[in-house]
$ cat my_file-v6.txt   # compact mmCIF, C-alpha atoms
# COMPACT_ATOMS: atom_id res chain seq x y z
CA MET A 1 29.28 -17.07 16.09
CA ILE A 2 29.39 -15.89 12.47
CA GLY A 3 32.75 -15.00 10.92
CA ILE A 4 32.66 -11.95 8.67
CA ILE A 5 35.44 -11.58 6.13
CA ARG A 6 36.02 -8.01 4.94
CA VAL A 7 37.95 -7.74 1.70
CA ILE A 8 39.41 -4.33 2.38
CA THR A 9 42.26 -3.66 4.79
CA THR A 10 41.49 -1.38 7.69
CA ALA A 11 42.95 -0.75 11.14
CA ASP A 12 39.79 1.06 12.22
CA ALA A 13 37.77 -1.30 14.43
CA ASP A 14 34.51 0.51 13.67
CA ILE A 15 34.94 0.21 9.92
CA LEU A 16 36.10 -3.41 10.26
CA SER A 17 33.00 -4.43 12.19
CA GLU A 18 30.36 -2.30 10.48
CA HIS A 19 28.80 -5.19 8.51
CA GLY A 20 28.97 -7.46 11.54
CA LYS A 21 27.28 -4.83 13.71
CA LEU A 22 24.44 -4.48 11.18
CA ILE A 23 23.94 -8.27 11.30
CA GLU A 24 24.12 -8.40 15.09
CA ARG A 25 21.59 -5.63 15.47
CA ARG A 26 19.19 -7.08 12.96
CA TYR A 27 19.37 -10.76 13.76
CA GLY A 28 20.53 -10.99 17.37
CA VAL A 29 23.53 -13.19 16.60
CA LYS A 30 27.20 -12.75 17.46
CA THR A 31 29.76 -11.98 14.79
CA VAL A 32 33.50 -11.60 14.59
CA SER A 33 35.05 -9.62 11.75
CA ALA A 34 38.46 -9.91 10.13
CA CYS A 35 39.98 -8.23 7.09
CA ILE A 36 42.53 -9.25 4.51
CA PRO A 37 45.95 -7.62 4.91
CA ASP A 38 47.73 -5.18 2.58
CA GLN A 39 44.79 -4.20 0.37
CA PRO A 40 43.70 -0.76 1.63
CA TYR A 41 41.79 -0.20 -1.62
CA GLY A 42 40.15 -3.61 -1.49
CA ILE A 43 39.36 -5.52 -4.67
CA TYR A 44 38.77 -3.48 -7.79
CA ASP A 45 40.05 -5.55 -10.70
CA GLU A 46 41.14 -9.08 -11.58
CA ALA A 47 44.68 -8.60 -10.30
CA THR A 48 43.54 -7.41 -6.87
CA GLU A 49 41.00 -10.24 -6.74
CA ARG A 50 43.73 -12.79 -7.49
CA GLN A 51 45.86 -11.28 -4.71
CA ALA A 52 42.95 -11.45 -2.29
CA VAL A 53 41.80 -15.05 -2.78
CA PRO A 54 44.56 -16.85 -0.82
CA LYS A 55 44.23 -14.27 1.96
CA ILE A 56 40.48 -14.88 2.12
CA VAL A 57 41.10 -18.62 2.41
CA VAL A 58 43.60 -18.15 5.26
CA LEU A 59 41.26 -15.79 7.12
CA GLY A 60 38.31 -18.14 6.64
CA GLN A 61 40.26 -21.12 7.91
CA ARG A 62 41.35 -19.15 10.96
CA LEU A 63 37.77 -18.05 11.70
CA ALA A 64 36.42 -21.59 11.26
CA MET A 65 39.15 -22.97 13.54
CA SER A 66 38.28 -20.40 16.18
CA GLY A 67 34.72 -21.72 16.33
CA CYS A 68 32.70 -19.80 13.73
CA ARG A 69 29.85 -22.01 12.55
CA ALA A 70 29.25 -20.03 9.35
CA LEU A 71 31.47 -17.72 7.33
CA VAL A 72 30.46 -14.72 5.28
CA ILE A 73 32.50 -13.12 2.51
CA SER A 74 31.04 -9.67 2.77
CA CYS A 75 31.45 -8.44 -0.80
CA ALA A 76 28.99 -8.63 -3.69
CA ASP A 77 31.53 -10.27 -5.98
CA ASP A 78 31.86 -13.33 -3.69
CA PRO A 79 35.66 -13.23 -4.10
CA GLY A 80 37.37 -16.50 -3.20
CA ILE A 81 34.15 -18.29 -2.31
CA ASP A 82 34.84 -21.52 -4.21
CA ALA A 83 38.39 -21.75 -2.87
CA LEU A 84 37.31 -21.15 0.71
CA ARG A 85 34.42 -23.64 0.51
CA GLN A 86 36.93 -26.35 -0.33
CA GLN A 87 38.94 -25.65 2.80
CA VAL A 88 36.44 -25.30 5.65
CA PRO A 89 33.79 -27.61 7.14
CA VAL A 90 31.16 -24.88 7.62
CA PRO A 91 28.78 -23.06 5.25
CA VAL A 92 30.40 -20.17 3.37
CA ILE A 93 28.03 -17.42 2.31
CA GLY A 94 28.80 -14.64 -0.15
CA ALA A 95 27.06 -11.26 -0.17
CA GLY A 96 26.52 -11.37 -3.93
CA SER A 97 25.11 -14.88 -4.15
CA ALA A 98 22.96 -14.45 -1.03
CA THR A 99 21.43 -11.29 -2.49
CA ALA A 100 20.84 -12.81 -5.92
CA LEU A 101 19.40 -16.03 -4.46
CA LEU A 102 16.84 -14.12 -2.39
CA ALA A 103 15.85 -12.07 -5.43
CA LYS A 104 15.47 -15.28 -7.38
CA GLY A 105 13.30 -16.68 -4.61
CA TYR A 106 10.83 -13.82 -5.01
CA GLY A 107 10.57 -14.14 -8.78
CA GLU A 108 10.12 -10.44 -9.46
CA PRO A 109 11.95 -8.53 -12.22
CA VAL A 110 15.14 -7.20 -10.64
CA GLY A 111 16.90 -3.86 -10.89
CA LEU A 112 20.49 -4.12 -9.67
CA LEU A 113 21.94 -1.03 -8.03
CA ASP A 114 25.67 -1.22 -8.53
CA ILE A 115 28.80 0.92 -8.57
CA ALA A 116 30.44 -0.83 -11.52
CA ALA A 117 29.87 -0.95 -15.27
CA GLU A 118 29.06 -4.67 -15.19
CA PRO A 119 27.07 -6.65 -12.58
CA PRO A 120 29.04 -9.07 -10.40
CA ARG A 121 29.40 -12.30 -12.37
CA VAL A 122 27.83 -14.42 -9.65
CA MET A 123 24.72 -12.25 -9.49
CA LYS A 124 24.34 -12.21 -13.25
CA GLN A 125 24.66 -15.97 -13.37
CA ILE A 126 22.13 -16.66 -10.61
CA LEU A 127 19.54 -14.18 -11.83
CA GLY A 128 19.75 -14.88 -15.56
CA GLU A 129 16.82 -13.29 -17.37
CA GLN A 130 15.32 -12.08 -14.11
CA LEU A 131 18.03 -9.40 -14.05
CA VAL A 132 16.39 -6.74 -16.19
CA TRP A 133 17.90 -3.43 -15.08
CA HIS A 134 21.40 -2.52 -13.96
CA ALA A 135 22.37 0.96 -12.85
CA SER A 136 25.37 2.61 -11.28
CA PRO A 137 24.76 6.21 -10.19
CA PRO A 138 26.84 8.59 -12.30
CA GLY A 139 30.00 9.65 -10.47
CA VAL A 140 29.73 6.85 -7.90
CA THR A 141 32.42 4.26 -8.56
CA ASN A 142 33.55 3.11 -5.11
CA SER A 143 32.19 2.59 -1.58
CA ALA A 144 33.66 5.88 -0.37
CA GLU A 145 31.64 7.77 -2.97
CA VAL A 146 28.49 5.84 -2.05
CA MET A 147 28.87 7.24 1.46
CA THR A 148 28.81 10.92 0.47
CA PRO A 149 25.53 12.87 0.55
CA TYR A 150 25.77 13.11 -3.24
CA GLY A 151 26.24 9.33 -3.54
CA ARG A 152 23.18 8.64 -1.46
CA LYS A 153 21.03 11.01 -3.49
CA ALA A 154 22.31 9.71 -6.82
CA ALA A 155 21.73 6.10 -5.74
CA LEU A 156 18.13 6.79 -4.79
CA LYS A 157 17.61 8.49 -8.14
CA SER A 158 19.00 5.46 -10.01
CA ALA A 159 16.78 3.11 -8.00
CA ARG A 160 13.76 5.29 -8.70
CA GLU A 161 14.45 5.18 -12.44
CA MET A 162 14.62 1.39 -12.43
CA VAL A 163 11.35 1.19 -10.48
CA GLU A 164 9.68 3.62 -12.90
CA ASN A 165 10.80 1.35 -15.71
CA GLY A 166 9.21 -1.69 -14.07
CA ALA A 167 11.66 -3.15 -11.54
CA LYS A 168 9.75 -4.76 -8.64
CA THR A 169 12.82 -5.82 -6.67
CA ILE A 170 15.84 -3.58 -6.13
CA ALA A 171 18.95 -5.55 -5.18
CA PHE A 172 22.25 -3.93 -4.23
CA ALA A 173 25.49 -5.05 -5.85
CA CYS A 174 27.64 -3.14 -3.35
CA THR A 175 27.74 -3.45 0.43
CA GLY A 176 28.39 0.30 0.65
CA TYR A 177 24.65 0.73 0.12
CA SER A 178 24.12 -1.41 3.22
CA THR A 179 26.41 0.78 5.29
CA ILE A 180 24.48 3.94 4.40
CA GLY A 181 21.12 2.29 5.15
CA LEU A 182 19.75 2.88 1.68
CA ALA A 183 17.36 -0.11 1.78
CA LYS A 184 15.10 1.55 4.34
CA VAL A 185 14.90 4.74 2.28
CA ILE A 186 14.01 2.88 -0.93
CA ARG A 187 11.44 0.70 0.83
CA GLU A 188 9.76 3.77 2.29
CA GLU A 189 9.97 5.99 -0.76
CA LEU A 190 9.44 3.49 -3.57
CA GLY A 191 7.54 0.66 -1.87
CA VAL A 192 9.35 -2.15 -3.68
CA THR A 193 11.10 -5.28 -2.41
CA VAL A 194 14.69 -4.33 -1.54
CA ILE A 195 17.48 -6.81 -1.02
CA ASP A 196 20.42 -5.50 0.95
CA PRO A 197 23.57 -7.64 0.69
CA VAL A 198 24.57 -7.40 4.36
CA GLU A 199 21.02 -8.22 5.42
CA ALA A 200 20.92 -11.08 2.92
CA GLU A 201 24.21 -12.65 4.00
CA GLY A 202 23.16 -12.25 7.63
CA LEU A 203 19.79 -13.86 6.98
CA LEU A 204 21.41 -16.93 5.45
CA ALA A 205 24.13 -17.15 8.10
CA ARG A 206 21.66 -16.84 10.93
CA TYR A 207 19.46 -19.59 9.54
CA ALA A 208 22.49 -21.89 9.21
CA ILE A 209 23.61 -21.48 12.81
CA LYS A 210 20.59 -20.61 14.95
CA ASN A 211 18.02 -23.32 15.20
CA MET B 1 0.46 -10.56 6.43
CA ILE B 2 1.81 -13.55 4.50
CA GLY B 3 -0.61 -15.64 2.43
CA ILE B 4 0.04 -19.37 2.62
CA ILE B 5 -1.36 -21.52 -0.19
CA ARG B 6 -1.87 -25.17 0.71
CA VAL B 7 -2.19 -27.50 -2.26
CA ILE B 8 -4.29 -30.10 -0.51
CA THR B 9 -7.97 -29.72 0.29
CA THR B 10 -8.91 -29.82 3.94
CA ALA B 11 -11.82 -28.60 6.04
CA ASP B 12 -9.76 -29.02 9.23
CA ALA B 13 -8.61 -25.56 10.34
CA ASP B 14 -5.65 -26.98 12.28
CA ILE B 15 -4.33 -28.90 9.30
CA LEU B 16 -4.97 -25.95 7.00
CA SER B 17 -2.93 -23.57 9.13
CA GLU B 18 -0.17 -25.89 10.32
CA HIS B 19 2.53 -24.42 8.02
CA GLY B 20 1.35 -20.88 8.77
CA LYS B 21 1.51 -21.54 12.51
CA LEU B 22 5.09 -22.83 12.22
CA ILE B 23 6.04 -19.62 10.38
CA GLU B 24 4.22 -17.39 12.87
CA ARG B 25 5.88 -19.06 15.84
CA ARG B 26 9.34 -18.93 14.33
CA TYR B 27 9.36 -15.51 12.72
CA GLY B 28 6.75 -13.48 14.59
CA VAL B 29 4.76 -12.57 11.48
CA LYS B 30 1.07 -12.97 10.72
CA THR B 31 -0.11 -15.49 8.16
CA VAL B 32 -3.39 -16.45 6.56
CA SER B 33 -3.79 -19.89 5.01
CA ALA B 34 -6.04 -21.07 2.21
CA CYS B 35 -6.29 -24.37 0.35
CA ILE B 36 -7.27 -25.35 -3.18
CA PRO B 37 -10.71 -26.95 -3.49
CA ASP B 38 -11.60 -30.50 -4.54
CA GLN B 39 -8.17 -32.11 -4.22
CA PRO B 40 -8.27 -34.06 -0.93
CA TYR B 41 -5.22 -36.07 -2.04
CA GLY B 42 -3.33 -32.97 -3.13
CA ILE B 43 -0.93 -33.09 -6.07
CA TYR B 44 0.67 -36.43 -6.84
CA ASP B 45 1.14 -36.54 -10.61
CA GLU B 46 1.09 -34.31 -13.67
CA ALA B 47 -2.67 -34.50 -14.09
CA THR B 48 -3.38 -33.37 -10.52
CA GLU B 49 -0.76 -30.62 -10.88
CA ARG B 50 -2.47 -29.34 -14.07
CA GLN B 51 -5.81 -29.34 -12.22
CA ALA B 52 -4.30 -27.44 -9.32
CA VAL B 53 -2.52 -24.61 -11.17
CA PRO B 54 -5.57 -22.45 -12.05
CA LYS B 55 -6.89 -22.94 -8.51
CA ILE B 56 -3.55 -21.81 -7.07
CA VAL B 57 -3.68 -18.69 -9.24
CA VAL B 58 -7.22 -17.84 -8.09
CA LEU B 59 -6.32 -18.37 -4.43
CA GLY B 60 -3.17 -16.30 -4.78
CA GLN B 61 -5.01 -13.44 -6.44
CA ARG B 62 -7.61 -13.48 -3.69
CA LEU B 63 -4.94 -13.46 -0.95
CA ALA B 64 -3.03 -10.61 -2.65
CA MET B 65 -6.26 -8.61 -3.05
CA SER B 66 -7.03 -9.11 0.63
CA GLY B 67 -3.75 -7.43 1.58
CA CYS B 68 -1.08 -10.16 1.73
CA ARG B 69 2.28 -8.60 0.94
CA ALA B 70 3.93 -11.91 0.07
CA LEU B 71 2.52 -15.26 -1.03
CA VAL B 72 3.89 -18.70 -0.33
CA ILE B 73 3.08 -21.85 -2.28
CA SER B 74 3.75 -24.32 0.50
CA CYS B 75 4.79 -27.37 -1.50
CA ALA B 76 8.28 -28.48 -2.53
CA ASP B 77 7.28 -28.80 -6.19
CA ASP B 78 6.44 -25.07 -6.44
CA PRO B 79 3.24 -25.92 -8.35
CA GLY B 80 1.80 -23.01 -10.32
CA ILE B 81 4.52 -20.57 -9.27
CA ASP B 82 5.22 -19.12 -12.72
CA ALA B 83 1.52 -18.70 -13.49
CA LEU B 84 0.81 -17.01 -10.16
CA ARG B 85 3.81 -14.68 -10.42
CA GLN B 86 2.37 -13.31 -13.65
CA GLN B 87 -0.92 -12.43 -11.95
CA VAL B 88 -0.02 -10.75 -8.66
CA PRO B 89 2.00 -7.64 -7.74
CA VAL B 90 3.72 -9.20 -4.70
CA PRO B 91 6.61 -11.67 -4.28
CA VAL B 92 5.59 -15.32 -4.69
CA ILE B 93 7.75 -17.81 -2.84
CA GLY B 94 7.77 -21.57 -3.35
CA ALA B 95 8.82 -24.09 -0.69
CA GLY B 96 10.97 -26.02 -3.14
CA SER B 97 12.82 -23.08 -4.65
CA ALA B 98 13.28 -21.37 -1.26
CA THR B 99 14.83 -24.54 0.17
CA ALA B 100 17.09 -25.14 -2.82
CA LEU B 101 18.18 -21.49 -2.97
CA LEU B 102 19.26 -21.50 0.67
CA ALA B 103 21.17 -24.74 0.14
CA LYS B 104 22.85 -23.15 -2.86
CA GLY B 105 23.74 -20.14 -0.75
CA TYR B 106 25.69 -22.35 1.68
CA GLY B 107 27.62 -24.16 -1.03
CA GLU B 108 27.80 -27.49 0.77
CA PRO B 109 27.12 -30.85 -0.90
CA VAL B 110 23.41 -31.52 -0.48
CA GLY B 111 21.46 -34.63 0.46
CA LEU B 112 17.80 -34.26 -0.44
CA LEU B 113 15.34 -36.07 1.81
CA ASP B 114 12.28 -36.74 -0.30
CA ILE B 115 9.22 -38.97 -0.52
CA ALA B 116 9.33 -39.43 -4.30
CA ALA B 117 11.50 -41.36 -6.72
CA GLU B 118 12.72 -38.17 -8.40
CA PRO B 119 13.62 -34.82 -6.79
CA PRO B 120 11.28 -31.90 -7.48
CA ARG B 121 12.28 -30.42 -10.85
CA VAL B 122 12.79 -26.94 -9.43
CA MET B 123 15.16 -28.17 -6.72
CA LYS B 124 17.16 -30.23 -9.16
CA GLN B 125 17.47 -27.29 -11.50
CA ILE B 126 18.59 -24.81 -8.84
CA LEU B 127 21.06 -27.15 -7.15
CA GLY B 128 22.62 -28.68 -10.25
CA GLU B 129 25.78 -30.57 -9.34
CA GLN B 130 25.49 -29.51 -5.71
CA LEU B 131 22.68 -32.07 -5.37
CA VAL B 132 24.70 -35.20 -4.63
CA TRP B 133 22.38 -37.48 -2.66
CA HIS B 134 18.66 -38.11 -2.93
CA ALA B 135 16.80 -40.47 -0.63
CA SER B 136 13.21 -41.37 0.07
CA PRO B 137 12.74 -43.59 3.11
CA PRO B 138 11.47 -47.02 2.05
CA GLY B 139 7.72 -47.32 2.52
CA VAL B 140 7.24 -43.56 2.86
CA THR B 141 5.53 -42.21 -0.25
CA ASN B 142 3.18 -39.51 1.01
CA SER B 143 2.89 -36.90 3.79
CA ALA B 144 0.57 -39.11 5.83
CA GLU B 145 3.22 -41.84 5.99
CA VAL B 146 5.87 -39.25 6.94
CA MET B 147 3.77 -38.49 9.98
CA THR B 148 3.73 -42.02 11.41
CA PRO B 149 6.32 -43.10 14.02
CA TYR B 150 7.76 -45.45 11.39
CA GLY B 151 8.02 -42.61 8.85
CA ARG B 152 9.92 -40.42 11.27
CA LYS B 153 12.37 -43.17 12.15
CA ALA B 154 12.91 -44.19 8.52
CA ALA B 155 13.47 -40.55 7.51
CA LEU B 156 16.13 -40.06 10.17
CA LYS B 157 17.83 -43.24 9.01
CA SER B 158 17.86 -42.04 5.38
CA ALA B 159 19.29 -38.68 6.43
CA ARG B 160 21.95 -40.40 8.51
CA GLU B 161 23.01 -42.51 5.55
CA MET B 162 23.40 -39.44 3.34
CA VAL B 163 25.47 -37.71 6.04
CA GLU B 164 27.66 -40.79 6.45
CA ASN B 165 28.23 -40.70 2.71
CA GLY B 166 29.36 -37.06 2.85
CA ALA B 167 26.29 -34.81 2.72
CA LYS B 168 26.94 -31.59 4.67
CA THR B 169 23.50 -30.08 4.10
CA ILE B 170 20.27 -32.04 4.40
CA ALA B 171 17.37 -30.36 2.60
CA PHE B 172 13.80 -31.61 2.70
CA ALA B 173 11.81 -32.10 -0.50
CA CYS B 174 8.52 -32.57 1.37
CA THR B 175 6.80 -30.20 3.80
CA GLY B 176 5.58 -33.23 5.77
CA TYR B 177 9.07 -33.33 7.31
CA SER B 178 8.47 -29.76 8.50
CA THR B 179 5.21 -30.73 10.16
CA ILE B 180 6.84 -33.51 12.18
CA GLY B 181 9.72 -31.25 13.27
CA LEU B 182 12.39 -33.48 11.78
CA ALA B 183 14.88 -30.64 11.22
CA LYS B 184 15.52 -30.22 14.94
CA VAL B 185 16.15 -33.95 15.37
CA ILE B 186 18.62 -34.10 12.48
CA ARG B 187 20.43 -30.97 13.63
CA GLU B 188 20.84 -32.39 17.11
CA GLU B 189 21.68 -35.94 16.13
CA LEU B 190 23.74 -35.42 13.00
CA GLY B 191 25.09 -31.88 13.45
CA VAL B 192 24.72 -30.86 9.80
CA THR B 193 23.06 -27.88 8.16
CA VAL B 194 19.37 -28.67 7.71
CA ILE B 195 17.01 -26.77 5.44
CA ASP B 196 13.35 -27.17 6.26
CA PRO B 197 10.99 -26.04 3.48
CA VAL B 198 8.44 -24.33 5.73
CA GLU B 199 11.22 -22.53 7.60
CA ALA B 200 12.84 -21.60 4.28
CA GLU B 201 9.68 -20.20 2.70
CA GLY B 202 8.93 -18.33 5.94
CA LEU B 203 12.45 -16.89 6.08
CA LEU B 204 12.14 -15.48 2.57
CA ALA B 205 8.59 -14.22 3.09
CA ARG B 206 9.48 -12.52 6.34
CA TYR B 207 12.43 -10.73 4.78
CA ALA B 208 10.25 -9.49 1.93
CA ILE B 209 7.59 -7.96 4.17
CA LYS B 210 9.18 -7.02 7.48
CA ASN B 211 11.75 -4.33 7.32
$ encode --input "my_file-v6.txt" --output "structure tokens"
Amino acid sequence: MIGIIRVITTADADILSEHGKLIERRYGVKTVSACIPDQPYGIYDEATERQAVPKIVVLGQRLAMSGCRALVISCADDPGIDALRQQVPVPVIGAGSATALLAKGYGEPVGLLDIAAEPPRVMKQILGEQLVWHASPPGVTNSAEVMTPYGRKAALKSAREMVENGAKTIAFACTGYSTIGLAKVIREELGVTVIDPVEAEGLLARYAIKN
Amino acid sequence: MIGIIRVITTADADILSEHGKLIERRYGVKTVSACIPDQPYGIYDEATERQAVPKIVVLGQRLAMSGCRALVISCADDPGIDALRQQVPVPVIGAGSATALLAKGYGEPVGLLDIAAEPPRVMKQILGEQLVWHASPPGVTNSAEVMTPYGRKAALKSAREMVENGAKTIAFACTGYSTIGLAKVIREELGVTVIDPVEAEGLLARYAIKN
């Protein structure tokens, strides 16, 4: 069983488990999802990240205690990952680091499709000079906007521009792009390597537990 | 199709394809294997690595031209990886970097099971301070010795010592340990996360091509 930590508060079981369901469908493993309390808008600045970290640690400990053999922090910023790793005896995987590590493993120049003005620190740090392009579609600044028809179209346009400029790998810096299934569209339309953060975290988690 | 580059010369089709077969069986993808010419003892020092690099590039170009959508350099030292990446339009994966990147993605303290006195440079560089233990079983200095009953026993003993000292992830720095199926034994006997270089390179290659 893989424990999936969502860093946005929701009472909607479908929204809570949407990353887990993607992982289950793709990799044939079981997941259990849990979300941090009292942050309906998730993490969007340093203050909300600071608030979230102790909650992430508590959730992770609970999931590990209940038998999860790997934990996933399903957010491209890897919030709380160092703190949680110190508290649990199982591998802790972050969406951002998993995505960046796969991109690094392929060695191609990377275009990062984001929703923020700056790439997640952890992705920037892992990719170093391999991170050549960074784009956030205009008018798309949160996961909700990613999920609109406009968001989808604008994201594909941003990816296309990075590919036209030479990007050989497109990596997502927001799990919202996973939820809308954008990877498939980019692979089909642009023919480049695409790294989807929910797929990436699932890939690593599955390898850790299923042997 | 995944192109597997072996950095040891062999005319034996079974030996040539043994890494490819492991990947095919595990991940359900097709592979084609090729080996560098005129190096029956493989790469064992800087001179033999320098000799091998241009051969690896030629092989990789040929495999990419013949339709491989990802290439794997199946050796924990990632020989020739930078040179090859500059010459082909597909992802190039190295056994050493793939293994180290997965270990980094789990965040656990790593024990590296090797056959050499020093860890592969690329693994050391990726893991940094996360690389805490490094062991080569006494009397085991090449892949052939790994494959003896003594080699297998000595390797398990070295892994056990690292785990007793606190290693939570055991990563292999030699693909010979993949060939003898040591990962399964360590997982069952020691219960830690194990990263096998042929499994790791296959995992990354499969994700790049099969979506």
$ closest_residue --input "my_file-v6.txt" --among "A:Ile56, A:Ala98, A:Met1, A:Ala76" --to "chain B" --atoms "all atoms listed in the file"
A:Ala98
$ residues_around --input "my_file-v6.txt" --residues "Val53 in chain B" --least-positions-apart "2" --cutoff "10 Å" --atoms "all atoms listed in the file" --output "mmCIF file with C-alpha atoms, in the coordinates of the input"
data_model
loop_
_atom_site.group_PDB
_atom_site.id
_atom_site.type_symbol
_atom_site.label_atom_id
_atom_site.label_comp_id
_atom_site.auth_asym_id
_atom_site.auth_seq_id
_atom_site.Cartn_x
_atom_site.Cartn_y
_atom_site.Cartn_z
ATOM 1 C CA VAL B 7 -2.190 -27.500 -2.260
ATOM 2 C CA ILE B 36 -7.270 -25.350 -3.180
ATOM 3 C CA THR B 48 -3.380 -33.370 -10.520
ATOM 4 C CA GLU B 49 -0.760 -30.620 -10.880
ATOM 5 C CA ARG B 50 -2.470 -29.340 -14.070
ATOM 6 C CA GLN B 51 -5.810 -29.340 -12.220
ATOM 7 C CA LYS B 55 -6.890 -22.940 -8.510
ATOM 8 C CA ILE B 56 -3.550 -21.810 -7.070
ATOM 9 C CA VAL B 57 -3.680 -18.690 -9.240
ATOM 10 C CA VAL B 58 -7.220 -17.840 -8.090
ATOM 11 C CA LEU B 59 -6.320 -18.370 -4.430
ATOM 12 C CA PRO B 79 3.240 -25.920 -8.350
ATOM 13 C CA GLY B 80 1.800 -23.010 -10.320
ATOM 14 C CA ILE B 81 4.520 -20.570 -9.270
ATOM 15 C CA ASP B 82 5.220 -19.120 -12.720
ATOM 16 C CA ALA B 83 1.520 -18.700 -13.490
ATOM 17 C CA LEU B 84 0.810 -17.010 -10.160
#
$ residues_around --input "my_file-v6.txt" --residues "range 157-171 of chain A" --least-positions-apart "3" --cutoff "9 Å" --atoms "all atoms listed in the file" --output "number ranges by chain"
A: 99-100, 103, 106-114, 132-138, 152-154, 183, 186, 189-197; B: 89-91
$ closest_residue --input "my_file-v6.txt" --among "B:Asp14, B:Pro120, B:Arg26, B:Ile115" --to "Lys210 in chain A" --atoms "all atoms listed in the file"
B:Arg26
$ closest_residue --input "my_file-v6.txt" --among "A:Leu182, A:Ala13, A:Leu127, A:Ala208" --to "Cys68 in chain A" --atoms "all atoms listed in the file"
A:Ala208
$ closest_residue --input "my_file-v6.txt" --among "A:Ile43, A:Leu63, A:Val29, A:Ile23" --to "Thr9 in chain A" --atoms "all atoms listed in the file"
A:Ile43
$ residues_around --input "my_file-v6.txt" --residues "Asn142 in chain A" --least-positions-apart "2" --cutoff "9 Å" --atoms "all atoms listed in the file" --output "number ranges by chain"
A: 44, 115-116, 140, 144-146, 174, 176
$ closest_residue --input "my_file-v6.txt" --among "B:Met123, B:Val198, B:Leu156, B:Val185" --to "Ile5 in chain B" --atoms "all atoms listed in the file"
B:Val198
$ atom_distance --input "my_file-v6.txt" --atom1 "CA of Asp45 in chain B" --atom2 "CA of Phe172 in chain B"
19.0 Å
$ closest_residue --input "my_file-v6.txt" --among "A:Ile8, A:Cys75, A:Met147, A:Leu204" --to "chain B" --atoms "only C-alpha atoms"
A:Leu204
$ atom_distance --input "my_file-v6.txt" --atom1 "CA of Ala11 in chain B" --atom2 "CA of Gly28 in chain B"
25.4 Å
$ atom_distance --input "my_file-v6.txt" --atom1 "CA of Val72 in chain A" --atom2 "CA of Gly202 in chain A"
8.1 Å
$ residues_around --input "my_file-v6.txt" --residues "Lys124 in chain A" --least-positions-apart "4" --cutoff "10 Å" --atoms "all atoms listed in the file" --output "ChimeraX atom specification"
/A:96-97,100,112,118-120,128-131
